[in-house]
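Listing of my_file-v9.cif, mmCIF, C-alpha atoms
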data_data
#
loop_
_atom_site.label_atom_id
_atom_site.label_comp_id
_atom_site.auth_asym_id
_atom_site.auth_seq_id
_atom_site.Cartn_x
_atom_site.Cartn_y
_atom_site.Cartn_z
CA MET A 1 67.34 48.09 162.53
CA THR A 2 66.05 47.94 158.98
CA HIS A 3 68.39 45.89 156.81
CA PRO A 4 70.41 48.13 154.43
CA ARG A 5 69.49 45.94 151.45
CA LEU A 6 65.76 46.09 152.07
CA SER A 7 63.59 48.21 149.77
CA LEU A 8 59.99 49.10 150.58
CA ASP A 9 57.60 49.13 147.67
CA ALA A 10 54.76 51.63 147.34
CA MET A 11 52.43 48.80 146.32
CA CYS A 12 52.48 47.72 149.99
CA THR A 13 50.72 50.97 150.87
CA PHE A 14 48.69 51.38 147.71
CA ARG A 15 46.15 53.82 149.17
CA TRP A 16 48.67 55.95 151.05
CA PRO A 17 49.82 59.23 149.50
CA PHE A 18 53.51 59.59 148.81
CA GLU A 19 54.00 61.96 151.76
CA ARG A 20 52.75 59.38 154.25
CA GLU A 21 54.91 56.67 152.71
CA LEU A 22 57.98 58.87 152.86
CA ALA A 23 57.37 59.72 156.51
CA LEU A 24 57.27 56.03 157.38
CA TRP A 25 60.28 55.20 155.20
CA LYS A 26 62.29 57.85 157.00
CA ASP A 27 61.12 56.70 160.41
CA VAL A 28 62.15 53.07 159.87
CA GLY A 29 65.47 54.09 158.30
CA VAL A 30 65.05 52.35 154.96
CA ARG A 31 67.65 53.22 152.31
CA HIS A 32 65.77 52.11 149.18
CA ALA A 33 62.19 52.43 147.96
CA GLY A 34 60.13 51.23 145.02
CA LEU A 35 57.87 53.98 143.70
CA LEU A 36 54.51 53.95 141.99
CA MET A 37 54.30 56.35 139.04
CA ASN A 38 50.82 57.63 139.85
CA LYS A 39 51.79 58.72 143.36
CA ILE A 40 54.48 61.15 142.22
CA ALA A 41 52.87 62.34 138.97
CA ASP A 42 51.42 65.56 140.38
CA ASP A 43 54.85 67.01 141.29
CA PRO A 44 57.64 64.51 140.59
CA GLU A 45 60.57 66.87 141.15
CA ARG A 46 59.29 67.92 144.59
CA HIS A 47 58.56 64.34 145.63
CA LEU A 48 61.84 62.94 144.38
CA GLY A 49 63.74 65.87 145.84
CA ALA A 50 62.27 65.00 149.23
CA LEU A 51 63.33 61.39 148.69
CA ASP A 52 66.86 62.57 147.90
CA ASP A 53 66.93 64.73 151.02
CA ALA A 54 66.00 61.66 153.07
CA GLY A 55 68.90 59.69 151.58
CA ILE A 56 66.58 57.11 150.05
CA ARG A 57 67.46 55.73 146.61
CA ILE A 58 64.91 54.64 144.03
CA SER A 59 65.21 50.86 143.69
CA THR A 60 62.57 50.88 140.97
CA LEU A 61 59.66 52.91 139.63
CA ILE A 62 56.56 51.01 138.52
CA THR A 63 55.15 52.47 135.34
CA ALA A 64 52.60 51.76 132.62
CA GLY A 65 52.85 48.68 130.44
CA PHE A 66 52.04 48.29 126.77
CA GLN A 67 48.69 47.39 125.28
CA LEU A 68 50.17 44.89 122.86
CA ALA A 69 46.96 44.54 120.87
CA ALA A 70 46.81 48.29 120.24
CA PRO A 71 50.02 49.44 118.48
CA GLU A 72 48.53 52.90 118.04
CA THR A 73 49.01 53.40 121.82
CA TRP A 74 52.67 52.39 121.92
CA ASP A 75 54.16 55.80 121.26
CA ALA A 76 52.30 57.29 124.20
CA THR A 77 53.55 54.49 126.46
CA ARG A 78 57.08 55.00 125.19
CA GLU A 79 56.85 58.70 126.05
CA THR A 80 55.72 57.80 129.56
CA HIS A 81 58.65 55.40 129.89
CA LYS A 82 61.06 58.06 128.61
CA ALA A 83 59.81 60.56 131.19
CA MET A 84 60.10 58.03 134.02
CA ILE A 85 63.59 56.97 132.94
CA ASP A 86 64.67 60.61 132.88
CA LEU A 87 63.32 61.13 136.40
CA VAL A 88 64.98 58.01 137.78
CA ALA A 89 68.28 58.91 136.11
CA ALA A 90 68.19 62.48 137.41
CA HIS A 91 67.82 61.20 140.96
CA GLY A 92 70.38 58.39 140.83
CA GLY A 93 67.83 55.59 140.77
CA HIS A 94 68.23 52.05 139.56
CA SER A 95 65.35 50.92 137.34
CA ILE A 96 61.83 51.23 136.01
CA TYR A 97 59.58 48.26 135.40
CA PHE A 98 56.25 47.21 133.97
CA THR A 99 54.38 44.07 133.02
CA SER A 100 54.48 42.77 129.45
CA GLY A 101 50.84 43.15 128.50
CA ARG A 102 49.18 40.57 126.28
CA THR A 103 46.90 39.99 123.34
CA VAL A 104 44.24 37.34 122.95
CA ARG A 105 44.45 36.68 119.23
CA CYS A 106 48.21 36.00 119.13
CA ASP A 107 50.11 32.96 120.32
CA TRP A 108 53.00 33.25 122.77
CA ASP A 109 55.75 33.72 120.17
CA GLU A 110 53.72 36.37 118.37
CA ASP A 111 53.26 38.23 121.64
CA VAL A 112 57.02 38.15 122.20
CA ALA A 113 57.60 39.63 118.76
CA LEU A 114 55.11 42.43 119.43
CA PHE A 115 56.61 43.08 122.85
CA ALA A 116 60.14 43.26 121.44
CA GLN A 117 59.01 45.80 118.87
CA ALA A 118 57.13 47.86 121.45
CA VAL A 119 59.92 48.06 124.04
CA ALA A 120 62.92 48.67 121.78
CA PRO A 121 62.89 52.50 122.16
CA THR A 122 62.41 52.18 125.92
CA VAL A 123 65.40 49.85 126.25
CA GLU A 124 67.56 52.15 124.12
CA HIS A 125 66.65 55.26 126.11
CA ALA A 126 67.23 53.50 129.43
CA ARG A 127 70.67 52.29 128.40
CA ALA A 128 71.64 55.74 127.22
CA ASN A 129 70.73 57.15 130.63
CA GLY A 130 72.19 54.51 132.93
CA VAL A 131 68.84 53.09 134.06
CA ILE A 132 67.60 49.51 133.73
CA ALA A 133 64.27 49.06 131.94
CA ALA A 134 62.79 45.84 133.28
CA PHE A 135 59.63 43.78 133.12
CA GLU A 136 58.00 41.39 135.54
CA PRO A 137 56.78 37.90 134.60
CA SER A 138 53.44 37.77 136.38
CA LEU A 139 50.85 35.13 137.17
CA ARG A 140 48.20 37.76 136.47
CA THR A 141 47.41 36.82 132.89
CA SER A 142 45.27 39.90 132.46
CA VAL A 143 48.46 41.99 132.36
CA SER A 144 51.13 39.53 131.18
CA PHE A 145 51.58 36.83 128.59
CA CYS A 146 54.80 35.84 130.36
CA THR A 147 54.09 33.95 133.58
CA ARG A 148 57.37 32.08 134.16
CA LEU A 149 60.83 33.28 135.08
CA ALA A 150 62.28 30.70 132.69
CA ASP A 151 60.39 32.28 129.78
CA ALA A 152 61.32 35.76 130.98
CA VAL A 153 64.98 34.92 130.43
CA ASP A 154 64.30 34.20 126.76
CA ILE A 155 62.48 37.52 126.45
CA ALA A 156 65.28 39.41 128.21
CA GLU A 157 67.86 37.92 125.89
CA ARG A 158 65.81 38.98 122.88
CA THR A 159 64.83 42.49 124.05
CA GLY A 160 67.61 43.66 126.35
CA LEU A 161 65.14 44.20 129.18
CA GLY A 162 65.97 43.43 132.77
CA ILE A 163 63.78 41.12 134.87
CA VAL A 164 61.97 41.69 138.16
CA SER A 165 61.88 38.32 139.90
CA ASP A 166 59.13 38.09 142.51
CA PHE A 167 58.96 35.24 145.04
CA SER A 168 55.16 35.33 144.86
CA ASN A 169 55.23 34.71 141.11
CA ASN A 170 57.99 32.13 140.78
CA TRP A 171 57.81 30.09 143.99
CA MET A 172 56.49 26.96 142.26
CA GLU A 173 58.61 27.02 139.12
CA ARG A 174 60.33 23.81 138.19
CA GLY A 175 64.10 24.00 138.71
CA LEU A 176 63.94 27.48 140.22
CA ALA A 177 67.50 27.44 141.56
CA GLN A 178 68.89 26.61 138.12
CA THR A 179 66.61 29.13 136.42
CA LEU A 180 67.80 31.87 138.78
CA LYS A 181 71.39 31.16 137.80
CA ARG A 182 70.47 31.47 134.13
CA ALA A 183 68.43 34.60 134.80
CA MET A 184 70.93 36.36 137.04
CA PRO A 185 72.68 38.43 134.31
CA HIS A 186 69.28 39.96 133.60
CA ILE A 187 67.86 40.34 137.12
CA ALA A 188 67.21 43.99 137.92
CA LEU A 189 65.38 43.44 141.20
CA VAL A 190 64.23 40.65 143.50
CA GLN A 191 60.91 41.15 145.26
CA ILE A 192 60.08 39.31 148.46
CA GLY A 193 56.96 38.51 150.44
CA ASP A 194 54.92 35.49 151.43
CA ILE A 195 51.66 33.87 150.37
CA ALA A 196 49.19 31.41 151.89
CA ILE A 197 49.10 28.50 149.45
CA SER A 198 45.71 27.24 150.63
CA GLY A 199 44.23 30.64 151.48
CA PRO A 200 41.91 32.97 149.59
CA GLY A 201 44.74 34.60 147.65
CA GLY A 202 46.78 37.73 148.02
CA ARG A 203 50.21 38.21 149.46
CA LEU A 204 51.27 38.18 153.09
CA HIS A 205 54.17 39.50 155.07
CA VAL A 206 57.23 37.35 155.64
CA GLY A 207 56.50 34.43 157.95
CA GLN A 208 52.71 34.69 157.68
CA GLY A 209 52.38 32.30 154.74
CA ASP A 210 53.73 29.03 153.46
CA LEU A 211 56.62 29.88 151.15
CA PRO A 212 60.03 28.25 151.82
CA LEU A 213 61.61 31.68 152.14
CA GLY A 214 64.91 30.53 153.61
CA ARG A 215 65.49 28.17 150.69
CA MET A 216 64.42 30.77 148.15
CA MET A 217 66.73 33.39 149.64
CA ASN A 218 69.57 30.88 149.50
CA ASP A 219 68.80 30.11 145.84
CA VAL A 220 68.90 33.82 144.94
CA LEU A 221 72.15 34.44 146.79
CA GLU A 222 73.77 31.26 145.43
CA ALA A 223 72.89 32.50 141.94
CA GLY A 224 74.95 35.62 142.65
CA TYR A 225 72.38 38.32 143.37
CA GLU A 226 73.95 41.42 144.96
CA GLY A 227 71.10 43.92 144.74
CA VAL A 228 68.36 45.03 147.10
CA PHE A 229 65.30 43.03 148.10
CA ASP A 230 62.07 44.88 147.46
CA LEU A 231 59.26 44.10 149.91
CA GLU A 232 56.05 43.99 147.87
CA VAL A 233 53.04 42.73 149.78
CA VAL A 234 49.80 43.27 147.87
CA PRO A 235 46.56 41.96 149.40
CA ALA A 236 43.93 40.24 147.31
CA ASP A 237 42.01 43.51 147.46
CA TYR A 238 44.89 45.83 146.68
CA THR A 239 42.68 48.88 147.21
CA ALA A 240 42.18 47.99 150.88
CA ASP A 241 43.88 50.27 153.35
CA THR A 242 47.20 49.24 154.88
CA ALA A 243 47.33 48.97 158.68
CA GLU A 244 50.49 50.80 159.73
CA ALA A 245 51.24 48.59 162.72
CA GLU A 246 50.96 45.47 160.56
CA PHE A 247 53.19 47.01 157.90
CA ARG A 248 55.84 47.96 160.45
CA ALA A 249 55.82 44.39 161.76
CA GLY A 250 56.20 43.17 158.18
CA ILE A 251 59.20 45.42 157.64
CA ASN A 252 60.84 43.96 160.74
CA ALA A 253 60.12 40.42 159.55
CA ALA A 254 61.59 41.14 156.11
CA SER A 255 64.71 42.64 157.70
CA ASP A 256 65.05 39.58 159.91
CA LEU A 257 64.85 37.35 156.82
CA LEU A 258 67.75 39.23 155.21
CA TYR A 259 69.82 39.19 158.38
CA ALA A 260 69.15 35.45 158.77
CA ALA A 261 70.44 34.92 155.24
CA GLY A 262 73.78 36.30 156.37
CA ILE A 263 73.89 39.35 154.10
#

Using structure tokens, write down the structure from this file.
Amino acid sequence: MTHPRLSLDAMCTFRWPFERELALWKDVGVRHAGLLMNKIADDPERHLGALDDAGIRISTLITAGFQLAAPETWDATRETHKAMIDLVAAHGGHSIYFTSGRTVRCDWDEDVALFAQAVAPTVEHARANGVIAAFEPSLRTSVSFCTRLADAVDIAERTGLGIVSDFSNNWMERGLAQTLKRAMPHIALVQIGDIAISGPGGRLHVGQGDLPLGRMMNDVLEAGYEGVFDLEVVPADYTADTAEAEFRAGINAASDLLYAAGI
């Protein structure tokens, strides 16, 4: 039985259309799902109506981030965020999220200042509609100037954004257990998966890699997390097709991890 606090993220099945994802989500009995904006853009009301009919709640919706070095594009990104927030709110969902973006010419503090300016209208609109606007600190420096959960807390406190904390991004942070406690008031979503530390890169399903997942789950729960756990497994080549049998086995492994944690 799929654990009731497990969410399945559309990034796991990047090449699948929404209809195929939904069919699998319904078949495995998942109650939460993380959506990818591009997959529902052609007819969002129909897609999200089908999600509602299946009794599946939106844990998050991944949307476009800001081009921090191009302020002339910010208004368009804000409009996209507003539309996604409205959709999530209308269907009883939890959050949207994006990465922070980056510049090259600015130092870290200057990037934070730009980011705070860019996201302010998004944060305000999300609060007014009962949705969390969040960002993810990411090790992919092409899309994020913020690579550490510890730094993400400072940004959250300054901007009012929530944080998406991903095991695959923060597994080697110094003092992770203490950082999670500090971050917990801002955590919108915890994402789980595994990685091979000595492998070619990319994420793996639970139990296929080297992460100390039991310890990390304990750290998150000890910090007070009460939300869902979003399974996000993205291969090094994220455009590669997803083998359904392998994905189903990964869902079972993720459920077993949550059950083993005693939740």

I want to know what sits within 9 Å of Thr159 (chain A), based on only C-alpha atoms, with residues of the same chain fewer than 2 positions away left out; could you give that as number ranges by chain?
A: 115-117, 119-120, 123, 154-157, 161-162

Check the smallest atom-to-atom distance from each of A:Asp241, A:Asp43, A:Asp27, A:Glu173 to Arg148 (chain A) using only C-alpha atoms, then report the winner.
A:Glu173

Separation of CA of Arg5 (chain A) from CA of Glu226 (chain A) in Å
9.1 Å

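Separating CA of Val30 (chain A) from CA of Thr239 (chain A) is a distance of 23.9 Å.
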
Report as number ranges by chain the full result of the PyMOL selection byres ((chain A and resi 44-46) around 12) when it is applied to this structure.
A: 18-19, 35-43, 47-53, 61, 83-84, 86-88, 90-91

Include C-alpha atoms and write out the residues we just selected as an mmCIF file, in the frame of the given file.
data_model
loop_
_atom_site.group_PDB
_atom_site.id
_atom_site.type_symbol
_atom_site.label_atom_id
_atom_site.label_comp_id
_atom_site.auth_asym_id
_atom_site.auth_seq_id
_atom_site.Cartn_x
_atom_site.Cartn_y
_atom_site.Cartn_z
ATOM 1 C CA PHE A 18 53.510 59.590 148.810
ATOM 2 C CA GLU A 19 54.000 61.960 151.760
ATOM 3 C CA LEU A 35 57.870 53.980 143.700
ATOM 4 C CA LEU A 36 54.510 53.950 141.990
ATOM 5 C CA MET A 37 54.300 56.350 139.040
ATOM 6 C CA ASN A 38 50.820 57.630 139.850
ATOM 7 C CA LYS A 39 51.790 58.720 143.360
ATOM 8 C CA ILE A 40 54.480 61.150 142.220
ATOM 9 C CA ALA A 41 52.870 62.340 138.970
ATOM 10 C CA ASP A 42 51.420 65.560 140.380
ATOM 11 C CA ASP A 43 54.850 67.010 141.290
ATOM 12 C CA HIS A 47 58.560 64.340 145.630
ATOM 13 C CA LEU A 48 61.840 62.940 144.380
ATOM 14 C CA GLY A 49 63.740 65.870 145.840
ATOM 15 C CA ALA A 50 62.270 65.000 149.230
ATOM 16 C CA LEU A 51 63.330 61.390 148.690
ATOM 17 C CA ASP A 52 66.860 62.570 147.900
ATOM 18 C CA ASP A 53 66.930 64.730 151.020
ATOM 19 C CA LEU A 61 59.660 52.910 139.630
ATOM 20 C CA ALA A 83 59.810 60.560 131.190
ATOM 21 C CA MET A 84 60.100 58.030 134.020
ATOM 22 C CA ASP A 86 64.670 60.610 132.880
ATOM 23 C CA LEU A 87 63.320 61.130 136.400
ATOM 24 C CA VAL A 88 64.980 58.010 137.780
ATOM 25 C CA ALA A 90 68.190 62.480 137.410
ATOM 26 C CA HIS A 91 67.820 61.200 140.960
#

Go through A:Ala89, A:Ile187, A:Ile197, A:Leu149 one by one, measure the shortest atom-to-atom distance of each to Leu211 (chain A) using only C-alpha atoms, and give the residue with the smallest value.
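Distance minimum relative to Leu211 (chain A) lands on A:Ile197.
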
Rounded to one decimal, what separation in Å do you get between CA of Gly193 (chain A) and CA of Gly34 (chain A)?
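CA of Gly193 (chain A) sits 14.2 Å away from CA of Gly34 (chain A).
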
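Closest approach to Ser100 (chain A) among A:Tyr225, A:Glu72, A:Phe135, A:Glu124: A:Phe135, based on all atoms listed in the file.
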
Long-range neighbours of Ala196 (chain A) as JSON, numbers by chain, 12 Å cut-off, all atoms listed in the file, 5 positions minimum in chain
{"A": [168, 171, 201, 202, 203, 204, 205, 206, 207, 208, 209, 210, 211, 212, 235, 236]}

Could you tell me, as an NGL selection string, exactly which residues end up selected when the PyMOL selection byres ((chain A and resi 180) around 12) is applied to this structure?
:A and (148-153 or 163-167 or 170-171 or 173-179 or 181-187 or 190 or 216-225)

Once the PyMOL selection byres ((chain A and resi 260) around 12) has been applied to the shown file, what residues remain in the selection, as a PyMOL selection string?
chain A and resi 3+213-215+217-218+253-259+261-263

Print the selection's residues with C-alpha atoms to a file, as a PDB file, in the frame of the given file.
ATOM      1  CA  HIS A   3      68.390  45.890 156.810  1.00  0.00           C
ATOM      2  CA  LEU A 213      61.610  31.680 152.140  1.00  0.00           C
ATOM      3  CA  GLY A 214      64.910  30.530 153.610  1.00  0.00           C
ATOM      4  CA  ARG A 215      65.490  28.170 150.690  1.00  0.00           C
ATOM      5  CA  MET A 217      66.730  33.390 149.640  1.00  0.00           C
ATOM      6  CA  ASN A 218      69.570  30.880 149.500  1.00  0.00           C
ATOM      7  CA  ALA A 253      60.120  40.420 159.550  1.00  0.00           C
ATOM      8  CA  ALA A 254      61.590  41.140 156.110  1.00  0.00           C
ATOM      9  CA  SER A 255      64.710  42.640 157.700  1.00  0.00           C
ATOM     10  CA  ASP A 256      65.050  39.580 159.910  1.00  0.00           C
ATOM     11  CA  LEU A 257      64.850  37.350 156.820  1.00  0.00           C
ATOM     12  CA  LEU A 258      67.750  39.230 155.210  1.00  0.00           C
ATOM     13  CA  TYR A 259      69.820  39.190 158.380  1.00  0.00           C
ATOM     14  CA  ALA A 261      70.440  34.920 155.240  1.00  0.00           C
ATOM     15  CA  GLY A 262      73.780  36.300 156.370  1.00  0.00           C
ATOM     16  CA  ILE A 263      73.890  39.350 154.100  1.00  0.00           C
TER      17      ILE A 263
END

Kindly indicate which residue among A:Val104, A:Ala245, A:Leu114, A:Ile96 lies nearest to Gly130 (chain A), using all atoms listed in the file for the distances.
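Nearest candidate to Gly130 (chain A) out of A:Val104, A:Ala245, A:Leu114, A:Ile96: A:Ile96.
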
Missing atoms in region 34-56 of chain A: can you complete it with N, CA and C atoms, as a short mmCIF file (atom, residue, chain, number, x, y, z; two decimals), keeping the file's coordinate frame?
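File written: rebuild_10.cif
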data_model
loop_
_atom_site.label_atom_id
_atom_site.label_comp_id
_atom_site.auth_asym_id
_atom_site.auth_seq_id
_atom_site.Cartn_x
_atom_site.Cartn_y
_atom_site.Cartn_z
N GLY A 34 60.74 51.42 146.33
CA GLY A 34 60.13 51.23 145.02
C GLY A 34 58.93 52.15 144.90
N LEU A 35 58.89 52.94 143.85
CA LEU A 35 57.87 53.98 143.70
C LEU A 35 56.79 53.55 142.72
N LEU A 36 55.63 54.15 142.89
CA LEU A 36 54.51 53.95 141.99
C LEU A 36 54.29 55.25 141.22
N MET A 37 54.33 55.17 139.89
CA MET A 37 54.30 56.35 139.04
C MET A 37 53.17 57.30 139.41
N ASN A 38 51.97 56.77 139.62
CA ASN A 38 50.82 57.63 139.85
C ASN A 38 50.92 58.47 141.12
N LYS A 39 51.70 58.01 142.09
CA LYS A 39 51.79 58.72 143.36
C LYS A 39 52.71 59.94 143.30
N ILE A 40 53.56 60.00 142.32
CA ILE A 40 54.48 61.15 142.22
C ILE A 40 54.15 62.04 141.03
N ALA A 41 53.13 61.68 140.25
CA ALA A 41 52.87 62.34 138.97
C ALA A 41 52.49 63.80 139.12
N ASP A 42 51.89 64.18 140.25
CA ASP A 42 51.42 65.56 140.38
C ASP A 42 52.56 66.55 140.52
N ASP A 43 53.69 66.12 141.11
CA ASP A 43 54.85 67.01 141.29
C ASP A 43 56.10 66.16 141.48
N PRO A 44 56.56 65.49 140.42
CA PRO A 44 57.64 64.51 140.59
C PRO A 44 58.94 65.11 141.12
N GLU A 45 59.31 66.30 140.69
CA GLU A 45 60.57 66.87 141.15
C GLU A 45 60.53 67.15 142.65
N ARG A 46 59.40 67.66 143.14
CA ARG A 46 59.29 67.92 144.59
C ARG A 46 59.34 66.61 145.37
N HIS A 47 58.59 65.62 144.91
CA HIS A 47 58.56 64.34 145.63
C HIS A 47 59.93 63.67 145.62
N LEU A 48 60.56 63.63 144.46
CA LEU A 48 61.84 62.94 144.38
C LEU A 48 62.95 63.75 145.05
N GLY A 49 62.80 65.06 145.08
CA GLY A 49 63.74 65.87 145.84
C GLY A 49 63.66 65.56 147.33
N ALA A 50 62.45 65.37 147.83
CA ALA A 50 62.27 65.00 149.23
C ALA A 50 62.87 63.62 149.51
N LEU A 51 62.73 62.72 148.55
CA LEU A 51 63.33 61.39 148.69
C LEU A 51 64.86 61.50 148.75
N ASP A 52 65.42 62.34 147.88
CA ASP A 52 66.86 62.57 147.90
C ASP A 52 67.31 63.13 149.25
N ASP A 53 66.57 64.10 149.74
CA ASP A 53 66.93 64.73 151.02
C ASP A 53 66.92 63.72 152.16
N ALA A 54 66.08 62.70 152.03
CA ALA A 54 66.00 61.66 153.07
C ALA A 54 67.08 60.60 152.90
N GLY A 55 67.85 60.67 151.82
CA GLY A 55 68.90 59.69 151.58
C GLY A 55 68.37 58.34 151.15
N ILE A 56 67.21 58.35 150.50
CA ILE A 56 66.58 57.11 150.05
C ILE A 56 66.71 57.02 148.53
#
